[in-house]
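Chemist: Got my_file-v8.txt for you, compact mmCIF, C-alpha atoms:
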# COMPACT_ATOMS: atom_id res chain seq x y z
CA MET A 1 -65.57 80.54 -9.04
CA LYS A 2 -67.87 81.09 -6.09
CA ALA A 3 -71.09 79.17 -5.74
CA LYS A 4 -74.16 79.66 -3.62
CA PHE A 5 -75.36 77.18 -1.03
CA LEU A 6 -78.56 76.76 0.90
CA ASN A 7 -80.03 74.17 3.19
CA THR A 8 -83.79 74.56 3.15
CA GLY A 9 -84.49 71.78 5.64
CA PHE A 10 -87.56 69.56 5.42
CA ASN A 11 -90.48 70.76 3.35
CA SER A 12 -93.28 69.41 1.17
CA ALA A 13 -92.56 68.10 -2.33
CA SER A 14 -94.54 70.94 -3.89
CA PHE A 15 -92.38 73.46 -2.04
CA ASN A 16 -89.16 71.66 -2.92
CA PHE A 17 -89.85 71.51 -6.64
CA ALA A 18 -91.07 75.10 -6.74
CA CYS A 19 -87.85 76.04 -4.98
CA ASP A 20 -85.78 74.12 -7.58
CA GLU A 21 -87.50 75.90 -10.42
CA VAL A 22 -87.04 79.35 -8.88
CA LEU A 23 -83.37 78.62 -8.27
CA LEU A 24 -83.01 77.46 -11.87
CA ASP A 25 -84.16 80.93 -12.92
CA TYR A 26 -81.68 82.46 -10.48
CA VAL A 27 -78.77 80.51 -11.97
CA SER A 28 -79.93 81.25 -15.49
CA LYS A 29 -79.94 84.99 -14.75
CA THR A 30 -76.77 85.23 -12.65
CA GLY A 31 -74.58 82.42 -13.97
CA ILE A 32 -73.76 81.53 -10.36
CA PRO A 33 -74.00 77.81 -9.50
CA VAL A 34 -76.31 76.84 -6.65
CA LEU A 35 -76.20 73.79 -4.41
CA ARG A 36 -79.21 73.08 -2.21
CA PHE A 37 -79.66 70.40 0.42
CA TYR A 38 -83.11 69.48 1.68
CA GLY A 39 -85.53 66.81 2.76
CA PHE A 40 -89.23 65.97 2.48
CA ASN A 41 -91.83 66.45 5.18
CA PRO A 42 -94.58 65.32 4.90
CA SER A 43 -93.62 62.13 3.10
CA SER A 44 -94.18 62.42 -0.62
CA CYS A 45 -94.35 60.37 -3.78
CA THR A 46 -92.76 62.02 -6.76
CA ILE A 47 -93.03 60.79 -10.30
CA GLY A 48 -90.82 61.40 -13.30
CA TYR A 49 -91.91 63.96 -15.86
CA PHE A 50 -92.95 61.28 -18.38
CA GLN A 51 -94.83 59.04 -15.99
CA GLY A 52 -98.56 58.72 -15.53
CA MET A 53 -99.55 59.43 -11.93
CA GLU A 54 -102.23 56.76 -11.79
CA LEU A 55 -99.97 54.28 -13.56
CA GLU A 56 -97.30 54.63 -10.90
CA ILE A 57 -98.87 55.60 -7.60
CA ASP A 58 -101.69 54.26 -5.49
CA THR A 59 -103.04 57.78 -5.09
CA GLN A 60 -106.03 56.73 -3.05
CA LYS A 61 -103.79 55.19 -0.43
CA ALA A 62 -101.42 58.15 -0.62
CA ASN A 63 -104.29 60.56 0.09
CA GLN A 64 -105.45 58.44 3.01
CA THR A 65 -101.97 58.46 4.54
CA GLY A 66 -101.28 62.15 3.91
CA VAL A 67 -98.62 61.52 1.30
CA GLU A 68 -98.30 64.31 -1.27
CA CYS A 69 -97.94 63.16 -4.90
CA VAL A 70 -96.11 65.52 -7.23
CA ARG A 71 -94.70 65.40 -10.78
CA ARG A 72 -91.06 66.41 -11.18
CA ILE A 73 -89.64 68.50 -14.00
CA THR A 74 -87.09 65.74 -14.52
CA GLY A 75 -87.54 62.30 -16.02
CA GLY A 76 -86.85 59.02 -14.28
CA GLY A 77 -88.94 56.87 -12.03
CA ALA A 78 -91.32 57.24 -9.13
CA VAL A 79 -89.71 57.84 -5.76
CA MET A 80 -91.09 57.67 -2.25
CA HIS A 81 -89.56 60.39 -0.10
CA ASP A 82 -89.62 60.25 3.68
CA GLN A 83 -87.63 61.85 6.45
CA ASN A 84 -84.86 59.24 6.26
CA GLN A 85 -83.37 60.64 3.10
CA PHE A 86 -80.91 63.30 2.13
CA THR A 87 -81.72 65.21 -1.06
CA TYR A 88 -79.66 67.61 -3.12
CA THR A 89 -80.16 69.86 -6.13
CA LEU A 90 -77.19 71.19 -8.06
CA ILE A 91 -77.83 73.83 -10.71
CA LEU A 92 -75.04 74.98 -12.99
CA PRO A 93 -74.62 76.88 -16.22
CA GLN A 94 -74.40 74.19 -18.92
CA LYS A 95 -70.86 75.21 -19.87
CA LEU A 96 -69.59 74.03 -16.47
CA LEU A 97 -70.61 70.43 -17.09
CA SER A 98 -69.97 67.94 -19.84
CA GLN A 99 -72.33 68.46 -22.76
CA ASN A 100 -72.59 64.68 -22.87
CA ILE A 101 -75.57 63.92 -20.67
CA LEU A 102 -74.33 60.50 -19.58
CA GLU A 103 -70.98 61.94 -18.53
CA SER A 104 -72.58 64.84 -16.72
CA TYR A 105 -74.64 62.50 -14.53
CA GLU A 106 -71.45 60.80 -13.46
CA GLN A 107 -69.70 64.13 -12.86
CA VAL A 108 -72.38 65.20 -10.40
CA CYS A 109 -72.80 61.78 -8.79
CA TYR A 110 -69.06 61.61 -8.20
CA SER A 111 -69.42 64.07 -5.32
CA ILE A 112 -71.84 61.71 -3.58
CA ILE A 113 -69.59 58.72 -4.26
CA SER A 114 -66.45 60.47 -3.02
CA GLY A 115 -68.32 61.66 0.07
CA LEU A 116 -69.38 58.11 0.85
CA LYS A 117 -65.77 56.97 0.47
CA THR A 118 -64.88 59.18 3.45
CA LEU A 119 -67.27 56.93 5.38
CA ASP A 120 -65.55 53.82 3.98
CA LEU A 121 -68.53 53.06 1.77
CA GLN A 122 -67.45 51.94 -1.71
CA ALA A 123 -70.38 53.13 -3.73
CA GLU A 124 -70.39 53.05 -7.53
CA PHE A 125 -72.05 54.98 -10.31
CA ALA A 126 -74.57 52.79 -12.15
CA PRO A 127 -75.47 54.39 -15.49
CA LEU A 128 -77.62 56.15 -16.35
CA ASN A 129 -78.64 57.77 -13.12
CA ASP A 130 -78.14 55.58 -10.06
CA ILE A 131 -75.57 55.07 -7.34
CA ILE A 132 -75.29 51.58 -5.90
CA LEU A 133 -73.67 50.03 -2.89
CA ASN A 134 -73.12 46.26 -2.89
CA ASN A 135 -75.37 46.07 -5.96
CA GLN A 136 -78.23 47.76 -4.14
CA LYS A 137 -79.51 51.17 -5.08
CA ILE A 138 -78.80 53.89 -2.55
CA SER A 139 -79.33 56.94 -4.73
CA GLY A 140 -81.43 57.93 -7.72
CA ASN A 141 -80.69 61.06 -9.68
CA ALA A 142 -82.43 62.98 -12.44
CA GLN A 143 -81.46 65.84 -14.68
CA THR A 144 -83.02 68.46 -16.87
CA ARG A 145 -81.46 71.09 -19.09
CA LYS A 146 -83.30 74.36 -19.43
CA LYS A 147 -82.52 78.06 -19.85
CA GLY A 148 -78.83 77.39 -20.43
CA CYS A 149 -78.53 75.47 -17.16
CA VAL A 150 -78.29 71.90 -15.96
CA LEU A 151 -80.37 71.01 -12.94
CA GLN A 152 -79.63 67.67 -11.33
CA HIS A 153 -81.35 66.51 -8.21
CA GLY A 154 -81.00 63.25 -6.37
CA THR A 155 -81.88 61.38 -3.24
CA LEU A 156 -79.50 59.49 -0.98
CA LEU A 157 -81.21 56.93 1.22
CA LEU A 158 -80.04 57.06 4.81
CA ASP A 159 -82.63 54.53 5.95
CA VAL A 160 -85.44 52.89 4.02
CA ASP A 161 -89.00 52.19 5.05
CA VAL A 162 -89.44 49.59 2.35
CA ASP A 163 -92.93 48.61 3.40
CA LEU A 164 -94.21 52.16 3.11
CA MET A 165 -92.32 52.71 -0.13
CA PHE A 166 -93.75 49.74 -1.93
CA SER A 167 -97.21 50.02 -0.48
CA LEU A 168 -97.65 53.22 -2.51
CA LEU A 169 -95.52 52.64 -5.59
CA LYS A 170 -96.90 50.34 -8.25
CA VAL A 171 -93.91 48.23 -9.32
CA PRO A 172 -94.57 45.95 -12.26
CA ASP A 173 -93.24 42.42 -12.45
CA GLU A 174 -91.23 43.03 -15.60
CA LYS A 175 -88.88 45.43 -13.90
CA ILE A 176 -88.29 43.11 -11.01
CA LYS A 177 -87.70 40.10 -13.24
CA TYR A 178 -85.35 41.99 -15.48
CA LYS A 179 -83.11 43.05 -12.66
CA LEU A 180 -83.01 39.46 -11.43
CA ILE A 181 -83.97 40.52 -7.97
CA GLN A 182 -86.17 38.10 -6.12
CA SER A 183 -87.77 40.69 -3.94
CA VAL A 184 -88.54 44.35 -4.47
CA LYS A 185 -87.27 44.96 -0.99
CA LYS A 186 -83.80 43.78 -1.91
CA ARG A 187 -83.36 46.39 -4.63
CA VAL A 188 -82.75 49.32 -2.34
CA THR A 189 -80.82 49.95 0.82
CA GLY A 190 -80.02 52.85 3.10
CA ILE A 191 -76.40 53.74 3.91
CA ASN A 192 -77.02 53.51 7.64
CA GLN A 193 -77.43 49.77 7.24
CA HIS A 194 -73.79 49.69 6.18
CA LEU A 195 -72.38 51.99 8.85
CA LYS A 196 -71.41 51.14 12.42
CA ASN A 197 -72.95 54.38 13.64
CA PRO A 198 -75.94 55.85 11.81
CA ILE A 199 -75.24 59.14 10.10
CA SER A 200 -77.55 62.11 10.46
CA PHE A 201 -78.86 64.45 7.77
CA ASP A 202 -76.63 67.22 9.15
CA GLU A 203 -73.50 65.10 9.16
CA ILE A 204 -73.92 63.82 5.61
CA SER A 205 -74.71 67.41 4.57
CA ARG A 206 -71.40 68.62 5.99
CA ILE A 207 -69.46 65.87 4.19
CA LEU A 208 -71.15 66.29 0.83
CA LYS A 209 -70.98 70.08 0.84
CA GLU A 210 -67.21 69.73 1.11
CA GLU A 211 -67.11 67.17 -1.72
CA PHE A 212 -69.18 69.31 -4.11
CA LEU A 213 -66.92 72.29 -3.35
CA LYS A 214 -63.79 70.24 -4.09
CA ASN A 215 -65.02 68.34 -7.12
CA PHE A 216 -66.42 71.37 -8.93
CA ASN A 217 -63.45 73.58 -8.02
CA PHE A 218 -65.64 76.20 -6.42
CA SER A 219 -63.52 78.70 -4.48
CA GLU A 220 -66.13 78.89 -1.74
CA PHE A 221 -69.82 78.58 -0.98
CA GLU A 222 -71.70 81.73 -0.05
CA ASP A 223 -75.01 81.29 1.73
CA LEU A 224 -78.04 82.11 -0.37
CA ASP A 225 -80.94 83.61 1.55
CA ILE A 226 -84.11 81.77 0.58
CA SER A 227 -86.35 84.49 2.01
CA GLU A 228 -85.84 86.72 -1.03
CA PHE A 229 -87.52 84.01 -3.15
CA ASN A 230 -90.32 83.09 -0.76
CA SER A 231 -93.17 84.80 -2.55
CA THR A 232 -92.13 83.42 -5.96
CA ILE A 233 -91.77 79.92 -4.53
CA GLU A 234 -95.18 80.11 -2.84
CA LYS A 235 -96.81 81.26 -6.07
CA LEU A 236 -95.24 78.46 -8.10
CA GLN A 237 -96.03 75.92 -5.39
CA SER A 238 -99.72 76.82 -5.34
CA GLU A 239 -100.16 77.46 -9.07
CA LYS A 240 -98.16 74.54 -10.44
CA TYR A 241 -96.88 71.84 -8.12
CA SER A 242 -100.06 71.61 -6.04
CA CYS A 243 -102.32 71.51 -9.11
CA ASP A 244 -103.82 68.55 -10.96
CA GLU A 245 -103.12 70.31 -14.23
CA TRP A 246 -99.42 69.68 -13.63
CA ASN A 247 -99.44 66.59 -11.46
CA LEU A 248 -101.96 64.68 -13.59
CA LYS A 249 -100.55 66.03 -16.86
CA TYR A 250 -99.93 62.48 -18.14
CA MET B 1 -106.94 53.52 -22.09
CA GLU B 2 -104.90 50.41 -21.36
CA PHE B 3 -101.15 50.90 -21.12
CA LYS B 4 -98.94 47.87 -21.60
CA ASN B 5 -95.57 47.51 -19.88
CA TYR B 6 -92.44 46.90 -21.90
CA LYS B 7 -88.92 46.71 -20.51
CA PRO B 8 -86.30 46.79 -23.27
CA GLU B 9 -82.98 45.12 -22.58
CA ASN B 10 -80.74 47.72 -20.90
CA GLY B 11 -83.60 50.19 -21.05
CA LYS B 12 -86.10 51.85 -18.77
CA LEU B 13 -89.62 50.64 -18.15
CA LEU B 14 -92.02 51.86 -20.82
CA LYS B 15 -95.80 52.05 -20.56
CA ILE B 16 -97.40 52.25 -23.98
CA PHE B 17 -100.91 52.67 -25.29
CA VAL B 18 -101.25 51.88 -28.97
CA GLU B 19 -104.00 51.22 -31.48
CA PHE B 20 -103.56 50.33 -35.13
CA THR B 21 -105.45 50.88 -38.35
CA GLY B 22 -104.02 48.06 -40.38
CA SER B 23 -100.28 48.38 -39.80
CA LYS B 24 -100.51 52.17 -39.33
CA ILE B 25 -100.35 53.59 -35.83
CA ALA B 26 -103.69 55.22 -35.13
CA GLN B 27 -103.22 56.09 -31.46
CA PHE B 28 -100.03 56.22 -29.41
CA LYS B 29 -99.18 57.34 -25.90
CA LEU B 30 -95.81 56.79 -24.25
CA ARG B 31 -95.14 56.92 -20.53
CA GLY B 32 -92.35 55.61 -18.38
CA ASP B 33 -89.22 56.32 -16.38
CA PHE B 34 -87.10 57.23 -19.39
CA PHE B 35 -85.42 60.59 -20.00
CA MET B 36 -85.99 62.79 -23.01
CA HIS B 37 -84.23 66.07 -23.69
CA PRO B 38 -85.86 68.48 -24.17
CA GLU B 39 -88.78 67.20 -22.11
CA SER B 40 -91.31 69.03 -24.26
CA SER B 41 -90.49 66.63 -27.13
CA LEU B 42 -92.82 63.90 -25.89
CA GLU B 43 -95.93 65.38 -27.49
CA THR B 44 -94.04 65.94 -30.75
CA LEU B 45 -92.86 62.34 -30.70
CA GLU B 46 -96.35 61.00 -29.99
CA GLU B 47 -97.72 63.05 -32.89
CA PHE B 48 -94.99 61.87 -35.22
CA MET B 49 -95.70 58.25 -34.33
CA LEU B 50 -99.16 58.65 -35.88
CA THR B 51 -97.49 59.11 -39.26
CA LEU B 52 -95.67 55.79 -39.03
CA ASP B 53 -96.44 52.33 -40.27
CA VAL B 54 -94.82 49.41 -38.45
CA SER B 55 -94.34 47.58 -41.73
CA LYS B 56 -92.56 50.44 -43.53
CA ASN B 57 -89.13 51.78 -42.46
CA PHE B 58 -90.35 52.37 -38.92
CA THR B 59 -87.00 52.34 -37.14
CA GLN B 60 -85.16 54.44 -39.72
CA SER B 61 -87.95 57.02 -39.83
CA LEU B 62 -87.99 57.36 -36.06
CA GLU B 63 -84.21 57.59 -35.86
CA ARG B 64 -84.22 60.35 -38.46
CA PHE B 65 -87.00 62.20 -36.65
CA LEU B 66 -85.02 62.22 -33.38
CA VAL B 67 -81.85 63.44 -35.09
CA ASP B 68 -83.64 66.11 -37.13
CA ASN B 69 -85.40 67.45 -34.04
CA GLN B 70 -82.31 67.19 -31.79
CA ILE B 71 -84.13 64.97 -29.33
CA GLN B 72 -82.00 62.87 -27.01
CA VAL B 73 -83.60 59.85 -25.41
CA PHE B 74 -82.18 57.70 -22.62
CA GLY B 75 -83.94 54.52 -21.64
CA PHE B 76 -85.01 53.16 -25.02
CA ILE B 77 -84.01 53.24 -28.67
CA PRO B 78 -86.25 53.31 -31.77
CA LYS B 79 -85.78 49.58 -32.30
CA ASP B 80 -87.23 48.94 -28.84
CA LEU B 81 -90.43 50.68 -29.88
CA TYR B 82 -90.41 48.75 -33.14
CA ASP B 83 -90.04 45.44 -31.29
CA PHE B 84 -92.88 46.26 -28.93
CA LEU B 85 -95.20 47.61 -31.61
CA THR B 86 -94.53 44.66 -33.90
CA MET B 87 -95.44 42.30 -31.08
CA GLN B 88 -98.66 44.21 -30.50
CA TYR B 89 -99.49 44.41 -34.19
CA GLU B 90 -98.89 40.73 -34.82
CA GLY B 91 -100.93 39.95 -31.76
Please, can you express the file's structure as structure tokens?

Modeler:
Amino acid sequence: MKAKFLNTGFNSASFNFACDEVLLDYVSKTGIPVLRFYGFNPSSCTIGYFQGMELEIDTQKANQTGVECVRRITGGGAVMHDQNQFTYTLILPQKLLSQNILESYEQVCYSIISGLKTLDLQAEFAPLNDIILNNQKISGNAQTRKKGCVLQHGTLLLDVDVDLMFSLLKVPDEKIKYKLIQSVKKRVTGINQHLKNPISFDEISRILKEEFLKNFNFSEFEDLDISEFNSTIEKLQSEKYSCDEWNLKY
Amino acid sequence: MEFKNYKPENGKLLKIFVEFTGSKIAQFKLRGDFFMHPESSLETLEEFMLTLDVSKNFTQSLERFLVDNQIQVFGFIPKDLYDFLTMQYEG
């Protein structure tokens, strides 16, 4: 089975999530899987669907520093996105993935893990939705199931600006205590800290594209031209993901 | 509206606002980094919680509600909510 691929480069969070939603419609209508690689610029805070914006993010500080704050369509926790991350979205008809949600997370994350193995990084899946390296989180993933499709997106940290990350995210003591981590800063790491030579966004993209192709038995990736969706993405970006009605929903 | 944090063992971080009338739940809002499929079930769950009494079959009623409505939750189980709400109710 062929799949579509696109690399949309670095864009705002509101653009990226509008793009995800438009591509979800595309997969729902065509039945053709889509893999998208992308990044965030400007830096953004995204919160899980069920989170309260003001409960999670110091929005005043975010506004002062030009950080966009956007609600995702997926659950999970708040994430600070900067330009030192690689992000993917995989959208598939539900029948191509395990109907068991826990298993399907692992199925998708396996492509990241196997890609990191080619770099001699022994990462592991940490249920429900994380990938860890040496017990530190390197990747968070989140999934939704709509319109007969599964959409999973996730972030792989290449480098981490921990100070920026935790200056904007409100992290409660309970979470830290529970995970028996003495410092918030020790909970996450970027893969470049574990590599002799830092890897670029383009290089990790090349590796992971190959892994997704192999692990999902796609015969090939055909490029998907984003320009045909531009007006729909712009509309959704301005009417949903840039609006308080959505972002401050909870 | 004051949300209280609760981290169940092996669960996700929950942020809960609750008020009681006696042992009945009078107001309930649930936030957090859990997953719920379908996502639109949160409002239905919050509404259903207002029919519950922490002293009367709370966990079983909530379990049945989730099954009947085909709601899958990852990050907490009904007993986690019971534990938290009981703590709040008993003060």

Chemist: Residues of chain B were defined as contacting chain A if any atom lay at most 7 Å from it, counting all atoms listed in the file; please report them as a PDB file with C-alpha atoms, in the coordinates of the input.

Modeler:
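Okay, selection_38.pdb is ready:
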ATOM      1  CA  LYS B   7     -88.920  46.710 -20.510  1.00  0.00           C
ATOM      2  CA  LEU B  13     -89.620  50.640 -18.150  1.00  0.00           C
ATOM      3  CA  ARG B  31     -95.140  56.920 -20.530  1.00  0.00           C
ATOM      4  CA  GLY B  32     -92.350  55.610 -18.380  1.00  0.00           C
ATOM      5  CA  ASP B  33     -89.220  56.320 -16.380  1.00  0.00           C
ATOM      6  CA  PHE B  34     -87.100  57.230 -19.390  1.00  0.00           C
ATOM      7  CA  PHE B  35     -85.420  60.590 -20.000  1.00  0.00           C
TER       8      PHE B  35
END

Chemist: Could you tell me how far atom CA of A:Leu164 lies from atom CA of A:Asp130, in Å and to one decimal?

Modeler: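 We find that atom CA of A:Leu164 and atom CA of A:Asp130 lie 21.1 Å from each other.
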
Chemist: With a distance cut-off of 8 Å and only C-alpha atoms, select the neighbouring residues of A:Phe15, excluding the residue or stretch itself and same-chain residues fewer than 3 positions from it, and output the selection as a PDB file with C-alpha atoms, in the coordinates of the input.

Modeler:
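Just written: out35.pdb:
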ATOM      1  CA  ASN A  11     -90.480  70.760   3.350  1.00  0.00           C
ATOM      2  CA  SER A  12     -93.280  69.410   1.170  1.00  0.00           C
ATOM      3  CA  ALA A  18     -91.070  75.100  -6.740  1.00  0.00           C
ATOM      4  CA  CYS A  19     -87.850  76.040  -4.980  1.00  0.00           C
ATOM      5  CA  ILE A 233     -91.770  79.920  -4.530  1.00  0.00           C
ATOM      6  CA  GLU A 234     -95.180  80.110  -2.840  1.00  0.00           C
ATOM      7  CA  GLN A 237     -96.030  75.920  -5.390  1.00  0.00           C
ATOM      8  CA  TYR A 241     -96.880  71.840  -8.120  1.00  0.00           C
TER       9      TYR A 241
END

Chemist: Which protein, DNA or RNA residues have an atom at most 12 Å from (-67.3, 68.8, 0.4), counting all atoms listed in the file? List them as a PyMOL selection string.

Modeler: chain A and resi 5+35+110-118+203-221

Chemist: Just checking: using all atoms listed in the file, which residue out of B:Asn10, B:Ser41, B:Asn5, B:Thr51 ends up closest to B:Gln27?

Modeler: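 The answer is B:Thr51, which sits nearest to B:Gln27.
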
Chemist: Atom CA of A:Glu239 and atom CA of A:Gln85 are how many Å apart?

Modeler: 26.7 Å

Chemist: A:Lys29: which residues within 12 Å, counting all atoms listed in the file, same-chain residues fewer than 6 positions away excluded, as number ranges by chain?

Modeler: A: 22-23, 92-93, 147-149

Chemist: Write out, as a PDB file, keeping the file's coordinate frame, the residues just selected, with C-alpha atoms.

Modeler:
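Result went into part34.pdb, see below:
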ATOM      1  CA  VAL A  22     -87.040  79.350  -8.880  1.00  0.00           C
ATOM      2  CA  LEU A  23     -83.370  78.620  -8.270  1.00  0.00           C
ATOM      3  CA  LEU A  92     -75.040  74.980 -12.990  1.00  0.00           C
ATOM      4  CA  PRO A  93     -74.620  76.880 -16.220  1.00  0.00           C
ATOM      5  CA  LYS A 147     -82.520  78.060 -19.850  1.00  0.00           C
ATOM      6  CA  GLY A 148     -78.830  77.390 -20.430  1.00  0.00           C
ATOM      7  CA  CYS A 149     -78.530  75.470 -17.160  1.00  0.00           C
TER       8      CYS A 149
END

Chemist: Quick check, in Å to one decimal: how far apart do atom CA of B:Phe28 and atom CA of A:Arg71 lie?

Modeler: 21.4 Å

Chemist: In file coordinates, which residues lie within 12 Å of (-99.0, 51.7, -40.9) using all atoms listed in the file, given as a PyMOL selection string?

Modeler: chain B and resi 19-27+49-58+82+85-86+89

Chemist: Near A:Glu222, counting only C-alpha atoms, which residues have an atom at most 10 Å away, once you skip same-chain residues fewer than 4 positions from it, shown as JSON, numbers by chain?

Modeler: {"A": [2, 3, 4, 5, 6, 34]}

Chemist: Given all atoms listed in the file as the basis, pick out the residue of A:Ser139, A:Thr89, A:Gln64, A:Thr8 nearest to A:Leu157.

Modeler: A:Ser139

Chemist: Nearest to A:Asn197: which of A:Ile91, A:Gly66, A:Asn129, A:Leu119 is it, counting only C-alpha atoms?

Modeler: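 For A:Asn197, the nearest of the candidates is A:Leu119.
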
Chemist: Please provide the set of residues having any atom within 10 Å of A:Val160, restricted to only C-alpha atoms, with same-chain residues fewer than 2 positions apart removed, written as a list of chain:residue names.

Modeler: A:Met80, A:His81, A:Asp82, A:Gln83, A:Asn84, A:Gln85, A:Ile138, A:Leu157, A:Leu158, A:Val162, A:Asp163, A:Leu164, A:Met165, A:Lys185, A:Val188, A:Thr189, A:Gly190, A:Ile191, A:Asn192, A:Gln193

Chemist: Find the spatial neighbours of B:Ile16, counting all atoms listed in the file, within a cut-off of 6 Å - ignore same-chain residues fewer than 2 positions away - and output them as JSON, numbers by chain.

Modeler: {"B": [3, 4, 29, 30]}
